[in-house]
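Source file: coords-v8.cif; contents: mmCIF, C-alpha atoms and all ligand atoms.
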```cif
data_target
#
loop_
_atom_site.label_atom_id
_atom_site.label_comp_id
_atom_site.auth_asym_id
_atom_site.auth_seq_id
_atom_site.Cartn_x
_atom_site.Cartn_y
_atom_site.Cartn_z
CA GLY A 1 167.23 155.65 62.27
CA PRO A 2 165.47 152.43 63.25
CA ARG A 3 167.64 149.36 62.63
CA ASP A 4 165.45 146.27 62.93
CA ASN A 5 163.49 148.08 65.64
CA GLY A 6 166.74 148.79 67.47
CA PHE A 7 167.70 152.22 68.71
CA LYS A 8 170.83 153.64 70.27
CA VAL A 9 170.44 155.93 73.27
CA VAL A 10 173.33 157.76 74.89
CA LEU A 11 173.40 158.94 78.51
CA LEU A 12 175.24 162.25 78.91
CA GLY A 13 175.69 164.61 81.86
CA GLU A 14 178.13 165.91 84.43
CA GLY A 15 180.00 163.48 86.68
CA ARG A 16 178.03 162.09 89.65
CA VAL A 17 174.56 163.05 88.39
CA GLY A 18 173.52 159.39 88.29
CA LYS A 19 173.91 158.15 84.69
CA THR A 20 175.33 154.74 85.63
CA SER A 21 172.77 154.40 88.41
CA ILE A 22 169.93 155.11 85.96
CA LEU A 23 171.22 152.49 83.54
CA LEU A 24 171.77 149.81 86.19
CA ARG A 25 168.38 150.47 87.78
CA TYR A 26 166.54 150.46 84.47
CA VAL A 27 168.19 147.38 82.94
CA LYS A 28 169.19 145.27 85.96
CA GLY A 29 166.96 146.57 88.75
CA GLU A 30 170.03 147.36 90.87
CA PHE A 31 171.14 150.45 92.80
CA SER A 32 174.21 151.25 94.90
CA ASP A 33 174.73 154.27 97.17
CA ARG A 34 178.44 153.92 96.42
CA GLN A 35 178.42 153.78 92.62
CA VAL A 36 181.95 154.50 91.36
CA SER A 37 182.70 157.00 88.57
CA THR A 38 182.66 155.67 85.03
CA LEU A 39 186.06 155.68 83.31
CA GLN A 40 185.11 153.75 80.20
CA ALA A 41 181.82 153.93 78.32
CA SER A 42 179.80 150.74 77.96
CA TYR A 43 176.26 149.79 77.07
CA LEU A 44 173.42 147.52 78.12
CA ASP A 45 170.44 146.41 76.05
CA ARG A 46 166.84 146.34 77.10
CA ARG A 47 163.74 145.38 75.16
CA LEU A 48 160.49 147.19 75.68
CA ALA A 49 157.08 147.28 74.03
CA VAL A 50 156.01 150.47 72.30
CA GLN A 51 152.48 150.34 70.84
CA ASP A 52 152.50 146.58 70.13
CA GLN A 53 156.02 146.72 68.74
CA SER A 54 159.04 145.16 70.44
CA ILE A 55 161.87 147.66 70.50
CA GLN A 56 165.47 147.08 71.52
CA LEU A 57 167.34 149.93 73.17
CA SER A 58 171.14 149.89 73.33
CA ILE A 59 171.77 152.35 76.14
CA TRP A 60 175.28 153.79 76.34
CA ASP A 61 176.64 155.04 79.65
CA THR A 62 179.41 157.62 79.25
CA ALA A 63 181.98 159.09 81.65
CA GLY A 64 180.80 162.44 82.98
CA GLN A 65 184.05 163.90 84.27
CA GLU A 66 185.13 166.94 82.28
CA ARG A 67 188.41 165.33 81.20
CA PHE A 68 186.32 162.86 79.15
CA HIS A 69 184.17 165.51 77.44
CA ALA A 70 185.95 165.26 74.08
CA LEU A 71 184.94 161.58 73.81
CA GLY A 72 181.26 162.55 73.60
CA PRO A 73 180.97 162.55 69.80
CA ILE A 74 182.18 158.95 69.62
CA TYR A 75 179.02 157.91 71.43
CA TYR A 76 176.39 160.41 70.27
CA ARG A 77 177.37 160.65 66.58
CA ASP A 78 175.11 157.74 65.51
CA ALA A 79 172.67 157.87 68.44
CA ASP A 80 168.92 158.02 67.84
CA GLY A 81 168.24 159.50 71.26
CA ALA A 82 169.98 161.13 74.20
CA LEU A 83 169.05 161.17 77.87
CA LEU A 84 170.74 164.27 79.28
CA VAL A 85 170.92 163.90 83.03
CA TYR A 86 171.32 166.56 85.70
CA ASP A 87 171.14 166.38 89.50
CA ILE A 88 168.27 168.56 90.77
CA THR A 89 170.39 169.52 93.81
CA ASP A 90 173.29 170.81 91.68
CA TYR A 91 172.75 173.85 89.45
CA SER A 92 176.06 173.47 87.62
CA SER A 93 174.94 170.05 86.41
CA PHE A 94 171.93 171.73 84.78
CA ASN A 95 174.25 174.21 83.01
CA LYS A 96 176.16 171.23 81.69
CA VAL A 97 172.94 169.88 80.14
CA THR A 98 172.53 173.12 78.19
CA LYS A 99 176.07 172.67 76.85
CA TRP A 100 175.28 169.13 75.69
CA VAL A 101 172.09 170.30 73.99
CA ARG A 102 173.94 173.00 72.04
CA GLU A 103 176.62 170.50 71.04
CA LEU A 104 174.13 167.80 69.99
CA ARG A 105 171.99 170.20 67.97
CA GLN A 106 175.09 171.64 66.31
CA ILE A 107 176.79 168.35 65.47
CA VAL A 108 173.99 165.77 65.16
CA GLY A 109 171.15 168.17 64.28
CA ALA A 110 167.43 168.27 64.90
CA GLU A 111 166.84 164.57 64.30
CA ILE A 112 168.24 163.26 67.60
CA CYS A 113 165.47 162.87 70.21
CA ILE A 114 166.46 164.54 73.47
CA THR A 115 165.06 163.90 76.93
CA ILE A 116 166.32 165.94 79.88
CA ALA A 117 166.17 164.05 83.18
CA GLY A 118 166.25 165.85 86.53
CA ASN A 119 167.62 162.96 88.62
CA LYS A 120 167.72 162.48 92.42
CA ILE A 121 164.13 163.72 92.77
CA ASP A 122 164.13 161.82 96.10
CA LEU A 123 166.27 164.79 97.31
CA GLU A 124 163.60 167.35 96.37
CA LYS A 125 164.11 169.15 99.73
CA HIS A 126 167.54 170.15 98.44
CA ARG A 127 166.42 171.21 94.97
CA ALA A 128 168.71 173.86 93.43
CA VAL A 129 167.29 173.95 89.89
CA PRO A 130 163.95 175.82 89.68
CA GLU A 131 161.27 173.70 88.03
CA ASP A 132 159.95 176.44 85.73
CA GLU A 133 163.45 177.14 84.45
CA ALA A 134 164.05 173.47 83.64
CA LEU A 135 160.67 172.99 81.94
CA ASP A 136 160.87 176.25 79.96
CA TYR A 137 164.37 175.39 78.82
CA ALA A 138 163.39 171.87 77.70
CA ARG A 139 160.43 173.24 75.73
CA SER A 140 162.65 175.85 74.06
CA VAL A 141 164.95 173.16 72.65
CA ASN A 142 162.21 170.69 71.71
CA ALA A 143 163.17 168.21 74.42
CA THR A 144 161.03 166.27 76.88
CA HIS A 145 161.69 166.91 80.58
CA VAL A 146 161.26 164.15 83.16
CA TYR A 147 162.09 163.70 86.84
CA THR A 148 163.79 160.51 87.92
CA SER A 149 165.18 158.78 90.97
CA ALA A 150 167.48 155.87 90.27
CA LYS A 151 167.54 155.34 94.03
CA GLN A 152 163.77 155.00 94.39
CA ASN A 153 163.11 153.72 90.86
CA LYS A 154 160.94 156.66 89.91
CA GLY A 155 160.31 158.00 86.43
CA LEU A 156 162.66 155.67 84.58
CA ASP A 157 160.11 153.50 82.75
CA HIS A 158 158.29 156.65 81.69
CA ALA A 159 161.50 158.35 80.56
CA PHE A 160 162.65 155.50 78.30
CA LEU A 161 159.17 154.68 77.02
CA ASP A 162 158.57 158.30 76.00
CA LEU A 163 161.98 158.47 74.33
CA ALA A 164 161.39 155.15 72.49
CA ASP A 165 157.99 156.36 71.35
CA ARG A 166 159.47 159.56 69.90
CA MET A 167 162.34 157.69 68.23
CA CYS A 168 159.81 155.33 66.58
CA LYS A 169 157.87 158.30 65.19
CA ARG A 170 160.90 160.07 63.80
P1 LIG A 201 180.15 159.56 86.39
O1 LIG A 201 180.44 158.14 86.11
O2 LIG A 201 181.23 160.23 87.20
O3 LIG A 201 179.82 160.33 85.15
O4 LIG A 201 178.84 159.61 87.35
P2 LIG A 201 177.34 159.14 87.06
O5 LIG A 201 176.59 160.26 86.43
O6 LIG A 201 177.32 157.85 86.32
O7 LIG A 201 176.74 158.96 88.52
P3 LIG A 201 176.62 157.61 89.38
O8 LIG A 201 175.53 156.74 88.82
O9 LIG A 201 177.96 157.03 89.53
O10 LIG A 201 176.07 158.18 90.75
C1 LIG A 201 176.79 159.14 91.51
C2 LIG A 201 176.30 159.09 92.95
O11 LIG A 201 174.93 159.52 93.02
C3 LIG A 201 176.34 157.68 93.56
O12 LIG A 201 176.73 157.79 94.90
C4 LIG A 201 174.89 157.21 93.46
O13 LIG A 201 174.53 156.28 94.46
C5 LIG A 201 174.13 158.53 93.65
N1 LIG A 201 172.81 158.53 92.97
C6 LIG A 201 172.52 158.18 91.71
N2 LIG A 201 171.21 158.31 91.44
C7 LIG A 201 170.64 158.77 92.58
C8 LIG A 201 169.29 159.13 92.95
O14 LIG A 201 168.33 159.04 92.17
N3 LIG A 201 169.11 159.60 94.22
C9 LIG A 201 170.14 159.72 95.11
N4 LIG A 201 169.84 160.18 96.33
N5 LIG A 201 171.41 159.39 94.81
C10 LIG A 201 171.66 158.92 93.55
#
```
Will you turn the file into structure tokens for me?
Ligand code: GTP
Amino acid sequence: GPRDNGFKVVLLGEGRVGKTSILLRYVKGEFSDRQVSTLQASYLDRRLAVQDQSIQLSIWDTAGQERFHALGPIYYRDADGALLVYDITDYSSFNKVTKWVRELRQIVGAEICITIAGNKIDLEKHRAVPEDEALDYARSVNATHVYTSAKQNKGLDHAFLDLADRMCKR
């Protein structure tokens, strides 16, 4: 729950979908086309205003490669929210999101706020995940769905503001 208006958010998703890029863009305003794979989870803080309140988000970036999957609970166990990221050009990365949702709902329960982010929306020409499927799925698991581009800085403020707003109302 809220600790002095601070919330923990965990970024989860398959390797290469853009979790680190989302975090670095959102907190530091940086982006690299050659972002290297995360081997060790770490976090960055960012303050934002939600309805006249100052909120602090501690946003945890995790390693997406399958060999790190078992470490997930260490990071999501006490999280208030999760941003589950897939790459809109890669259908298997969307399947991975459905696995994370099942795991989060099973282990953490209904109280964790979940946002599903279809990242790399700048590559819409190469979309492999049908929009109606993604939106229907998100609705069915009581998650918000957003589109983002860490590369073009699209959708990120909205994604974190919406998540913060829902965590505040929990
Ligand atoms: P792991 O650390 O392996 O879990 O990967 P990750 O999910 O943190 O992905 P990362 O941020 O390392 O990005 C993987 C690749 O995708 C990098 O080459 C990024 O530059 C690229 N990338 C990230 N976000 C975007 C985006 O919005 N659009 C495009 N076109 N490329 C992106």
What does the list of residues within 10 Å of ligand LIG 201 (chain A) look like if you count only C-alpha atoms and all ligand atoms, written as a ChimeraX atom specification? /A:11-25,31-41,61-66,68,85-89,93,118-124,147-155
Could you check the closest approach to Gly81 of chain A for each of A:Asp162, A:Asp52, A:Asp136, A:Glu131 and tell me which residue wins, using all atoms listed in the file?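 Looking at the shortest contact to Gly81 of chain A, the residue is A:Asp162.
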Closest of A:Arg102, A:Leu135, A:Leu163, A:Lys96 to His69 of chain A, counting all atoms listed in the file, is A:Lys96
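Between atom CA of Ser92 of chain A and atom CA of Ala159 of chain A the separation is 22.1 Å.
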Rounded to one decimal place, report the atom CA of Ile107 of chain A-atom CA of Cys168 of chain A distance in Å.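 Straight-line distance from atom CA of Ile107 of chain A to atom CA of Cys168 of chain A works out to 21.4 Å.
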